[in-house]
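Enquirer: Have a peek at my_file-v4.tsv (TSV, C-alpha atoms).
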chain	number	residue	atom	x	y	z
A	1	ALA	CA	109.93	41.00	187.76
A	2	VAL	CA	108.20	39.14	184.92
A	3	PRO	CA	105.14	41.05	183.69
A	4	VAL	CA	101.65	39.61	183.87
A	5	GLY	CA	100.57	38.00	180.61
A	6	PRO	CA	97.51	38.78	178.51
A	7	THR	CA	94.10	37.89	179.90
A	8	HIS	CA	92.60	36.57	176.66
A	9	THR	CA	93.27	33.06	175.38
A	10	MET	CA	95.64	32.48	172.50
A	11	PRO	CA	96.66	29.20	170.83
A	12	GLU	CA	99.40	27.37	172.74
A	13	THR	CA	102.33	27.04	170.36
A	14	ASP	CA	106.09	27.40	170.44
A	15	ASP	CA	106.28	27.92	166.65
A	16	LEU	CA	104.55	30.99	165.27
A	17	ALA	CA	104.71	29.51	161.76
A	18	THR	CA	101.89	27.14	162.75
A	19	LEU	CA	99.42	30.00	163.32
A	20	ASN	CA	96.57	30.45	160.86
A	21	SER	CA	97.01	34.23	161.06
A	22	LEU	CA	100.48	35.70	161.58
A	23	ASP	CA	99.44	39.30	162.26
A	24	ASP	CA	101.15	41.72	164.65
A	25	ALA	CA	98.51	41.43	167.38
A	26	ALA	CA	98.59	37.61	167.45
A	27	VAL	CA	102.39	37.47	167.49
A	28	ALA	CA	102.69	40.09	170.26
A	29	SER	CA	100.03	38.38	172.38
A	30	ILE	CA	101.63	34.93	172.15
A	31	LEU	CA	105.10	36.28	172.87
A	32	GLU	CA	103.79	38.19	175.89
A	33	ASP	CA	101.99	35.10	177.19
A	34	ARG	CA	105.08	32.91	176.80
A	35	TYR	CA	107.29	35.54	178.41
A	36	SER	CA	104.96	35.76	181.40
A	37	ARG	CA	105.58	32.02	181.87
A	38	ARG	CA	109.35	32.49	181.53
A	39	ARG	CA	109.48	30.95	178.07
A	40	ILE	CA	111.76	33.45	176.43
A	41	TYR	CA	112.37	31.48	173.22
A	42	THR	CA	109.82	31.04	170.41
A	43	ARG	CA	110.34	29.59	166.95
A	44	VAL	CA	109.21	30.98	163.61
A	45	ASN	CA	110.01	27.98	161.42
A	46	SER	CA	113.84	27.97	161.28
A	47	MET	CA	114.17	31.37	163.00
A	48	LEU	CA	114.28	31.91	166.76
A	49	ILE	CA	112.81	34.86	168.65
A	50	SER	CA	114.47	35.58	171.99
A	51	ILE	CA	113.20	38.07	174.58
A	52	ASN	CA	115.74	39.23	177.14
A	53	PRO	CA	114.48	38.31	180.65
A	54	TYR	CA	117.14	40.46	182.40
A	55	GLU	CA	117.52	37.73	185.02
A	56	GLU	CA	119.02	34.26	185.36
A	57	LEU	CA	116.48	31.53	184.52
A	58	GLY	CA	118.72	28.46	184.71
A	59	LEU	CA	118.53	27.79	180.97
A	60	TYR	CA	122.19	27.10	180.24
A	61	SER	CA	123.34	24.38	182.62
A	62	THR	CA	125.31	21.27	181.61
A	63	ALA	CA	122.12	19.21	181.93
A	64	VAL	CA	120.36	21.49	179.44
A	65	LEU	CA	123.36	21.29	177.10
A	66	ASP	CA	123.23	17.49	177.22
A	67	GLU	CA	119.50	17.56	176.45
A	68	TYR	CA	120.09	19.46	173.22
A	69	CYS	CA	123.08	17.29	172.33
A	70	ARG	CA	120.62	14.39	172.15
A	71	VAL	CA	118.42	16.11	169.55
A	72	GLY	CA	117.73	13.71	166.68
A	73	ASN	CA	118.15	10.57	168.79
A	74	GLY	CA	114.42	9.94	169.00
A	75	GLY	CA	111.75	11.30	171.31
A	76	PRO	CA	109.97	14.65	171.12
A	77	PRO	CA	112.11	17.69	170.26
A	78	PRO	CA	113.07	19.92	173.19
A	79	PRO	CA	111.61	23.44	173.50
A	80	PRO	CA	112.94	26.34	171.39
A	81	HIS	CA	116.33	27.47	172.61
A	82	ALA	CA	119.58	29.07	171.39
A	83	PHE	CA	121.10	25.63	171.94
A	84	ALA	CA	118.61	24.17	169.45
A	85	VAL	CA	119.84	26.58	166.76
A	86	ALA	CA	123.44	25.64	167.54
A	87	ALA	CA	122.52	21.93	167.53
A	88	GLU	CA	121.02	22.23	164.07
A	89	ALA	CA	124.11	24.04	162.80
A	90	PHE	CA	126.40	21.42	164.37
A	91	SER	CA	124.37	18.63	162.80
A	92	GLY	CA	124.85	20.31	159.42
A	93	LEU	CA	128.59	20.42	160.01
A	94	LEU	CA	128.59	16.67	160.58
A	95	SER	CA	126.94	16.37	157.15
A	96	SER	CA	129.80	18.42	155.63
A	97	GLN	CA	127.57	21.42	154.99
A	98	SER	CA	128.71	24.97	155.74
A	99	GLN	CA	126.46	26.75	158.24
A	100	SER	CA	125.62	30.39	158.99
A	101	VAL	CA	123.87	31.85	162.04
A	102	LEU	CA	122.75	35.49	162.07
A	103	VAL	CA	122.10	37.13	165.46
A	104	THR	CA	120.40	40.52	165.28
A	105	GLY	CA	118.19	42.78	167.39
A	106	GLU	CA	117.91	46.11	169.16
A	107	SER	CA	120.36	47.29	171.81
A	108	GLY	CA	119.78	45.30	174.97
A	109	ALA	CA	117.98	42.49	173.16
A	110	GLY	CA	120.63	39.97	174.23
A	111	LYS	CA	122.78	39.55	171.11
A	112	THR	CA	126.08	39.33	172.99
A	113	GLU	CA	124.68	36.76	175.41
A	114	THR	CA	123.11	34.73	172.60
A	115	CYS	CA	126.42	34.55	170.72
A	116	ARG	CA	128.09	33.41	173.93
A	117	ARG	CA	125.50	30.64	174.34
A	118	LEU	CA	125.88	29.48	170.75
A	119	LEU	CA	129.63	29.10	171.29
A	120	GLN	CA	128.96	27.38	174.61
A	121	TYR	CA	126.90	24.71	172.87
A	122	LEU	CA	129.36	24.22	169.99
A	123	ALA	CA	132.22	23.77	172.46
A	124	HIS	CA	130.23	21.31	174.57
A	125	ALA	CA	129.07	19.27	171.57
A	126	ALA	CA	132.51	19.12	169.95
A	127	ASN	CA	134.31	18.34	173.20
A	128	ARG	CA	132.23	15.31	174.16
A	129	GLY	CA	134.95	12.69	174.02
A	130	GLY	CA	137.14	15.07	172.04
A	131	ALA	CA	140.91	15.43	172.19
A	132	ALA	CA	142.65	17.80	174.59
A	133	ASP	CA	143.81	20.09	171.78
A	134	THR	CA	140.22	20.57	170.61
A	135	ARG	CA	139.09	21.44	174.12
A	136	ALA	CA	141.93	23.93	174.48
A	137	LEU	CA	141.02	25.61	171.19
A	138	HIS	CA	137.39	25.96	172.23
A	139	GLU	CA	138.48	27.38	175.58
A	140	ALA	CA	140.65	29.96	173.82
A	141	LEU	CA	137.74	30.83	171.56
A	142	SER	CA	135.44	31.37	174.54
A	143	GLN	CA	137.98	33.73	176.08
A	144	THR	CA	137.92	35.99	173.03
A	145	SER	CA	134.51	37.25	174.17
A	146	CYS	CA	136.08	38.66	177.33
A	147	VAL	CA	138.68	40.60	175.34
A	148	LEU	CA	136.30	41.81	172.64
A	149	GLU	CA	133.76	42.99	175.20
A	150	ALA	CA	136.43	44.84	177.19
A	151	PHE	CA	137.63	46.83	174.19
A	152	GLY	CA	134.38	47.07	172.23
A	153	ASN	CA	131.48	47.17	174.72
A	154	ALA	CA	130.22	50.02	176.87
A	155	ARG	CA	127.37	51.06	179.11
A	156	THR	CA	124.60	52.92	177.27
A	157	VAL	CA	121.20	54.17	178.40
A	158	MET	CA	119.71	51.00	176.94
A	159	ASN	CA	122.21	48.37	178.00
A	160	ASP	CA	125.04	48.02	180.54
A	161	ASN	CA	127.06	45.80	178.18
A	162	SER	CA	126.27	47.13	174.73
A	163	SER	CA	128.44	46.04	171.80
A	164	ARG	CA	129.55	49.18	169.99
A	165	TYR	CA	130.66	47.30	166.87
A	166	GLY	CA	129.59	44.54	164.50
A	167	LYS	CA	131.27	41.15	164.58
A	168	PHE	CA	131.67	38.37	162.03
A	169	LEU	CA	133.05	35.11	163.43
A	170	THR	CA	134.25	32.30	161.19
A	171	LEU	CA	134.80	28.83	162.69
A	172	ARG	CA	136.64	26.19	160.70
A	173	TYR	CA	135.90	22.52	161.40
A	174	ASP	CA	137.17	19.33	159.78
A	175	LYS	CA	134.85	16.60	158.47
A	176	THR	CA	134.51	15.10	161.95
A	177	ALA	CA	133.42	18.47	163.39
A	178	ARG	CA	136.73	19.04	165.17
A	179	LEU	CA	137.47	22.75	165.48
A	180	GLN	CA	140.55	23.65	163.42
A	181	GLY	CA	140.65	27.40	163.86
A	182	ALA	CA	138.67	30.62	164.05
A	183	SER	CA	138.89	34.22	162.90
A	184	PHE	CA	137.10	37.42	163.88
A	185	SER	CA	136.27	40.40	161.71
A	186	THR	CA	134.95	43.54	163.37
A	187	PHE	CA	133.37	46.55	161.71
A	188	LEU	CA	131.57	49.82	162.47
A	189	LEU	CA	133.37	50.35	165.79
A	190	GLU	CA	131.96	53.45	167.48
A	191	GLN	CA	135.32	55.24	167.62
A	192	THR	CA	133.80	58.55	168.74
A	193	ARG	CA	133.04	56.95	172.12
A	194	VAL	CA	136.76	57.17	172.91
A	195	VAL	CA	136.57	60.97	173.11
A	196	ARG	CA	132.90	61.72	173.74
A	197	VAL	CA	130.50	60.02	176.17
A	198	ALA	CA	126.79	60.85	176.36
A	199	PRO	CA	125.12	61.55	179.72
A	200	ALA	CA	124.52	58.40	181.81
A	201	GLU	CA	126.78	56.39	179.50
A	202	ARG	CA	130.41	55.26	179.68
A	203	SER	CA	133.32	54.77	177.32
A	204	PHE	CA	134.66	51.28	176.66
A	205	HIS	CA	134.85	48.92	179.64
A	206	VAL	CA	138.61	48.49	179.51
A	207	PHE	CA	139.34	52.05	180.70
A	208	TYR	CA	137.33	51.60	183.91
A	209	ALA	CA	138.71	48.10	184.45
A	210	LEU	CA	142.24	49.48	184.22
A	211	LEU	CA	141.66	52.16	186.86
A	212	ALA	CA	139.74	49.83	189.18
A	213	GLY	CA	142.14	46.90	188.88
A	214	LEU	CA	145.54	48.57	189.22
A	215	SER	CA	147.39	48.59	192.51
A	216	SER	CA	148.81	51.91	193.71
A	217	THR	CA	152.31	50.73	192.74
A	218	GLU	CA	151.20	49.78	189.22
A	219	ALA	CA	149.35	53.07	188.84
A	220	ALA	CA	152.46	55.00	189.86
A	221	GLU	CA	154.54	53.07	187.33
A	222	LEU	CA	152.09	54.08	184.62
A	223	GLN	CA	152.14	57.67	185.92
A	224	LEU	CA	148.44	57.61	186.71
A	225	ASP	CA	147.97	60.00	189.61
A	226	CYS	CA	144.22	59.48	189.82
A	227	LEU	CA	142.32	56.17	189.80
A	228	ALA	CA	138.87	57.77	189.62
A	229	PRO	CA	137.28	57.85	186.13
A	230	ASN	CA	135.99	61.38	186.66
A	231	GLY	CA	139.60	62.53	186.94
A	232	TYR	CA	139.96	62.04	183.17
A	233	THR	CA	138.07	64.11	180.62
A	234	TYR	CA	137.55	61.37	178.04
A	235	ILE	CA	136.03	58.79	180.40
A	236	ALA	CA	134.33	61.01	182.98
A	237	THR	CA	130.63	60.24	183.35
A	238	SER	CA	127.69	62.41	184.25
A	239	ASP	CA	124.31	61.30	185.59
A	240	ALA	CA	125.93	58.02	186.56
A	241	VAL	CA	123.95	55.16	188.00
A	242	GLY	CA	123.69	55.02	191.77
A	243	GLY	CA	122.75	52.66	194.57
A	244	PRO	CA	123.14	48.88	194.18
A	245	ALA	CA	123.60	49.18	190.41
A	246	ALA	CA	126.65	51.41	190.90
A	247	ALA	CA	128.09	49.00	193.46
A	248	ASP	CA	127.62	46.07	191.06
A	249	GLU	CA	129.29	48.02	188.27
A	250	ALA	CA	132.25	48.92	190.50
A	251	ALA	CA	132.65	45.28	191.52
A	252	ARG	CA	132.67	44.18	187.88
A	253	ASP	CA	135.26	46.81	187.03
A	254	ALA	CA	137.51	45.71	189.90
A	255	SER	CA	137.59	42.07	188.77
A	256	ALA	CA	137.62	42.72	185.03
A	257	LEU	CA	141.30	43.64	184.64
A	258	SER	CA	142.57	40.29	185.94
A	259	GLU	CA	140.01	38.48	183.76
A	260	ILE	CA	141.15	40.38	180.68
A	261	GLY	CA	144.78	39.61	181.52
A	262	ALA	CA	144.06	35.91	181.96
A	263	ALA	CA	142.16	35.80	178.67
A	264	LEU	CA	144.99	37.53	176.79
A	265	GLU	CA	147.51	35.12	178.30
A	266	LEU	CA	145.42	32.14	177.20
A	267	LEU	CA	145.28	33.66	173.72
A	268	GLY	CA	149.08	33.85	173.59
A	269	THR	CA	150.00	37.23	175.07
A	270	PRO	CA	152.08	36.72	178.25
A	271	CYS	CA	151.63	39.02	181.23
A	272	ALA	CA	155.04	40.62	180.66
A	273	THR	CA	154.11	41.50	177.09
A	274	GLN	CA	150.75	42.90	178.19
A	275	TRP	CA	152.46	45.20	180.66
A	276	GLN	CA	154.99	46.42	178.09
A	277	ALA	CA	152.24	47.08	175.56
Please express the file's structure as structure tokens.

Expert:
Amino acid sequence: AVPVGPTHTMPETDDLATLNSLDDAAVASILEDRYSRRRIYTRVNSMLISINPYEELGLYSTAVLDEYCRVGNGGPPPPPHAFAVAAEAFSGLLSSQSQSVLVTGESGAGKTETCRRLLQYLAHAANRGGAADTRALHEALSQTSCVLEAFGNARTVMNDNSSRYGKFLTLRYDKTARLQGASFSTFLLEQTRVVRVAPAERSFHVFYALLAGLSSTEAAELQLDCLAPNGYTYIATSDAVGGPAAADEAARDASALSEIGAALELLGTPCATQWQA
């Protein structure tokens, strides 16, 4: 549920840089008021503050994408949004200027989701009337998130899909903003999570997806006698979530293995090669 906002009146603004006084109390009050009205994005000049709503608000539809693709064509600017940041970066690309976007925040703040939405906008903007090869490259790029999250994300006490590593993504475009290629660099992977899991947390998603997604025949071929995570010391969990949350997690695990396989195949690793690996 969205919390009730503050009772006192604060200036109505979507850009904190316009405030006469930018003190902690004023910033917190305005952010709380906007959040209570489901406005999770707020500008601070060229920066964007995002507050995770932990629910779907309908902010990322094709219609919303199209609205931000029209930025700069006249009319009032749309409200603050991750798409607006991506639109500004894309506009800079069209002017042959290199662009950088930094996404940072505490665990559970929504960094992984924000990166996904930035890529969603860039793909949509570049693909409008674009060639099939460009669309295919953007689709492959979007699928890398599935693979990276499987091998690098885990459930923590703060976040069910916490990235346990840092990521630097480089996108290469030509002068017409056609995507030419991309490269990922990862760093600070929490390697200790492979062998030690804190109470109420899990190891990396891929282990649970493997056990939940294998058929009995496939498990036997891999010599896995047990398909329950608690049958293995390194991925056993204690104080696990229960109730509907546990059911949702189990459902995600069951479907994740096929999604990972499809993503790897799209990225150039055939099913036969995946199985041999």

Enquirer: Taking 4 positions as the minimum chain separation for residues in the same chain, which residues sit within 10 Å of A:Thr156 when counting all atoms listed in the file? Answer as a PyMOL selection string.

Expert: chain A and resi 107-108+160-164+197-203

Enquirer: Return as AutoDock Vina command-line options the centre and edge lengths, in Å with one decimal, of the box along x, y and z that encloses every atom of stretch 165-178 of chain A in the file, padded by 4 Å per side.

Expert:
--center_x 133.4 --center_y 31.2 --center_z 162.7 --size_x 15.6 --size_y 40.2 --size_z 16.4

Enquirer: Could you please determine the separation between atom CA of A:Asn73 and atom CA of A:Phe90 in Å, to one decimal place?

Expert: 14.3 Å

Enquirer: One decimal, in Å: what's the spacing between atom CA of A:Arg38 and atom CA of A:Gln143?

Expert: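 It comes out at 29.2 Å.
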
Enquirer: Choose the residue, out of A:Leu171, A:Ile235, A:Leu59, A:Val147, that has the smallest atom-to-atom separation from A:Ser100; count all atoms listed in the file.

Expert: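 Of A:Leu171, A:Ile235, A:Leu59, A:Val147, the one nearest A:Ser100 is A:Leu171, counting all atoms listed in the file.
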
Enquirer: Excluding stretch 174-190 of chain A and any residue of its chain fewer than 3 positions from it, enumerate the residues within 8 Å of it, using all atoms listed in the file, and give them as a PyMOL selection string.

Expert: chain A and resi 90+93-94+96+126+130+134+137-138+141+152+164-171+193

Enquirer: Which residue out of A:Gly105, A:Pro76, A:Gly213, A:Pro53 has the minimum interatomic distance to A:Ser255 when only C-alpha atoms are used?

Expert: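 Using only C-alpha atoms, the shortest distance to A:Ser255 belongs to A:Gly213.
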
Enquirer: Have a look at atom CA of A:Ser142 and atom CA of A:Ala262 and let me know their distance in Å, one decimal.

Expert: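 Computed distance, atom CA of A:Ser142 to atom CA of A:Ala262, equals 12.2 Å.
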
Enquirer: Could you check which residues have any atom within 7 Å of (134.3, 49.1, 192.1), counting all atoms listed in the file with coordinates taken straight from the file, and then list them as a list in words?

Expert: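 Within the cut-off we find Ala212, Ala247, Glu249, Ala250, Ala251, Arg252, Asp253 and Ala254 of chain A.
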
Enquirer: Write out as a list in words the residues lying within 12 Å of A:Gly58, counting all atoms listed in the file and excluding same-chain residues fewer than 5 positions away.

Expert: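 Residues near the query, excluding close chain neighbours: Arg38, Arg39, Ile40, Pro53, Ala63, Val64 and Leu65 of chain A.
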
Enquirer: Taking into account only C-alpha atoms, which residue in the set A:Val27, A:Val194, A:Ile51, A:Ala125 is nearest to A:Glu67?

Expert: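 Checking each of A:Val27, A:Val194, A:Ile51, A:Ala125 against A:Glu67, counting only C-alpha atoms, the winner is A:Ala125.
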
Enquirer: With distances taken over only C-alpha atoms, which residue among A:Thr114, A:Asn153, A:Thr233, A:Gln191 lies nearest A:Asn52?

Expert: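 Result for the nearest residue to A:Asn52: A:Thr114.
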
Enquirer: Could you rebuild stretch 248-259 of chain A with all heavy atoms and give it back as a PDB file, in the frame of the given file?

Expert:
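What landed in result-v3.pdb:
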ATOM      1  N   ASP A 248     127.405  47.234 191.917  1.00  0.00           N
ATOM      2  CA  ASP A 248     127.620  46.070 191.060  1.00  0.00           C
ATOM      3  C   ASP A 248     128.596  46.416 189.929  1.00  0.00           C
ATOM      4  O   ASP A 248     129.477  45.614 189.578  1.00  0.00           O
ATOM      5  CB  ASP A 248     126.300  45.586 190.466  1.00  0.00           C
ATOM      6  CG  ASP A 248     125.398  44.941 191.508  1.00  0.00           C
ATOM      7  OD1 ASP A 248     125.901  44.595 192.591  1.00  0.00           O
ATOM      8  OD2 ASP A 248     124.185  44.805 191.236  1.00  0.00           O
ATOM      9  N   GLU A 249     128.422  47.598 189.362  1.00  0.00           N
ATOM     10  CA  GLU A 249     129.290  48.020 188.270  1.00  0.00           C
ATOM     11  C   GLU A 249     130.723  48.173 188.753  1.00  0.00           C
ATOM     12  O   GLU A 249     131.672  47.753 188.074  1.00  0.00           O
ATOM     13  CB  GLU A 249     128.776  49.338 187.689  1.00  0.00           C
ATOM     14  CG  GLU A 249     129.475  49.774 186.419  1.00  0.00           C
ATOM     15  CD  GLU A 249     128.783  50.955 185.775  1.00  0.00           C
ATOM     16  OE1 GLU A 249     128.780  52.055 186.387  1.00  0.00           O
ATOM     17  OE2 GLU A 249     128.231  50.798 184.670  1.00  0.00           O
ATOM     18  N   ALA A 250     130.904  48.754 189.931  1.00  0.00           N
ATOM     19  CA  ALA A 250     132.250  48.920 190.500  1.00  0.00           C
ATOM     20  C   ALA A 250     132.905  47.572 190.773  1.00  0.00           C
ATOM     21  O   ALA A 250     134.106  47.389 190.544  1.00  0.00           O
ATOM     22  CB  ALA A 250     132.172  49.749 191.769  1.00  0.00           C
ATOM     23  N   ALA A 251     132.113  46.618 191.253  1.00  0.00           N
ATOM     24  CA  ALA A 251     132.650  45.280 191.520  1.00  0.00           C
ATOM     25  C   ALA A 251     133.084  44.594 190.235  1.00  0.00           C
ATOM     26  O   ALA A 251     134.130  43.930 190.185  1.00  0.00           O
ATOM     27  CB  ALA A 251     131.603  44.442 192.253  1.00  0.00           C
ATOM     28  N   ARG A 252     132.294  44.756 189.174  1.00  0.00           N
ATOM     29  CA  ARG A 252     132.670  44.180 187.880  1.00  0.00           C
ATOM     30  C   ARG A 252     133.952  44.813 187.349  1.00  0.00           C
ATOM     31  O   ARG A 252     134.827  44.130 186.823  1.00  0.00           O
ATOM     32  CB  ARG A 252     131.532  44.351 186.866  1.00  0.00           C
ATOM     33  CG  ARG A 252     130.309  43.490 187.126  1.00  0.00           C
ATOM     34  CD  ARG A 252     129.398  43.447 185.908  1.00  0.00           C
ATOM     35  NE  ARG A 252     128.914  44.768 185.542  1.00  0.00           N
ATOM     36  CZ  ARG A 252     127.786  45.305 185.999  1.00  0.00           C
ATOM     37  NH1 ARG A 252     127.046  44.625 186.862  1.00  0.00           N
ATOM     38  NH2 ARG A 252     127.406  46.504 185.613  1.00  0.00           N
ATOM     39  N   ASP A 253     134.055  46.116 187.483  1.00  0.00           N
ATOM     40  CA  ASP A 253     135.260  46.810 187.030  1.00  0.00           C
ATOM     41  C   ASP A 253     136.495  46.299 187.767  1.00  0.00           C
ATOM     42  O   ASP A 253     137.551  46.078 187.164  1.00  0.00           O
ATOM     43  CB  ASP A 253     135.122  48.321 187.255  1.00  0.00           C
ATOM     44  CG  ASP A 253     134.106  48.974 186.336  1.00  0.00           C
ATOM     45  OD1 ASP A 253     133.786  48.384 185.288  1.00  0.00           O
ATOM     46  OD2 ASP A 253     133.633  50.080 186.667  1.00  0.00           O
ATOM     47  N   ALA A 254     136.357  46.102 189.078  1.00  0.00           N
ATOM     48  CA  ALA A 254     137.510  45.710 189.900  1.00  0.00           C
ATOM     49  C   ALA A 254     138.030  44.329 189.524  1.00  0.00           C
ATOM     50  O   ALA A 254     139.235  44.062 189.602  1.00  0.00           O
ATOM     51  CB  ALA A 254     137.118  45.739 191.381  1.00  0.00           C
ATOM     52  N   SER A 255     137.151  43.431 189.116  1.00  0.00           N
ATOM     53  CA  SER A 255     137.590  42.070 188.770  1.00  0.00           C
ATOM     54  C   SER A 255     137.917  41.911 187.293  1.00  0.00           C
ATOM     55  O   SER A 255     138.544  40.922 186.899  1.00  0.00           O
ATOM     56  CB  SER A 255     136.494  41.061 189.154  1.00  0.00           C
ATOM     57  OG  SER A 255     135.304  41.300 188.405  1.00  0.00           O
ATOM     58  N   ALA A 256     137.511  42.886 186.477  1.00  0.00           N
ATOM     59  CA  ALA A 256     137.620  42.720 185.030  1.00  0.00           C
ATOM     60  C   ALA A 256     139.064  42.715 184.537  1.00  0.00           C
ATOM     61  O   ALA A 256     139.401  41.979 183.603  1.00  0.00           O
ATOM     62  CB  ALA A 256     136.832  43.807 184.313  1.00  0.00           C
ATOM     63  N   LEU A 257     139.939  43.530 185.153  1.00  0.00           N
ATOM     64  CA  LEU A 257     141.300  43.640 184.640  1.00  0.00           C
ATOM     65  C   LEU A 257     142.038  42.305 184.715  1.00  0.00           C
ATOM     66  O   LEU A 257     142.719  41.908 183.757  1.00  0.00           O
ATOM     67  CB  LEU A 257     142.076  44.712 185.411  1.00  0.00           C
ATOM     68  CG  LEU A 257     143.465  45.034 184.841  1.00  0.00           C
ATOM     69  CD1 LEU A 257     143.350  45.574 183.421  1.00  0.00           C
ATOM     70  CD2 LEU A 257     144.196  46.038 185.734  1.00  0.00           C
ATOM     71  N   SER A 258     141.907  41.592 185.818  1.00  0.00           N
ATOM     72  CA  SER A 258     142.570  40.290 185.940  1.00  0.00           C
ATOM     73  C   SER A 258     141.963  39.282 184.955  1.00  0.00           C
ATOM     74  O   SER A 258     142.676  38.428 184.408  1.00  0.00           O
ATOM     75  CB  SER A 258     142.456  39.766 187.371  1.00  0.00           C
ATOM     76  OG  SER A 258     141.104  39.601 187.748  1.00  0.00           O
ATOM     77  N   GLU A 259     140.655  39.379 184.710  1.00  0.00           N
ATOM     78  CA  GLU A 259     140.010  38.480 183.760  1.00  0.00           C
ATOM     79  C   GLU A 259     140.493  38.748 182.340  1.00  0.00           C
ATOM     80  O   GLU A 259     140.746  37.812 181.565  1.00  0.00           O
ATOM     81  CB  GLU A 259     138.486  38.638 183.839  1.00  0.00           C
ATOM     82  CG  GLU A 259     137.892  38.195 185.170  1.00  0.00           C
ATOM     83  CD  GLU A 259     136.427  38.563 185.303  1.00  0.00           C
ATOM     84  OE1 GLU A 259     135.870  39.142 184.338  1.00  0.00           O
ATOM     85  OE2 GLU A 259     135.830  38.278 186.361  1.00  0.00           O
TER      86      GLU A 259
END
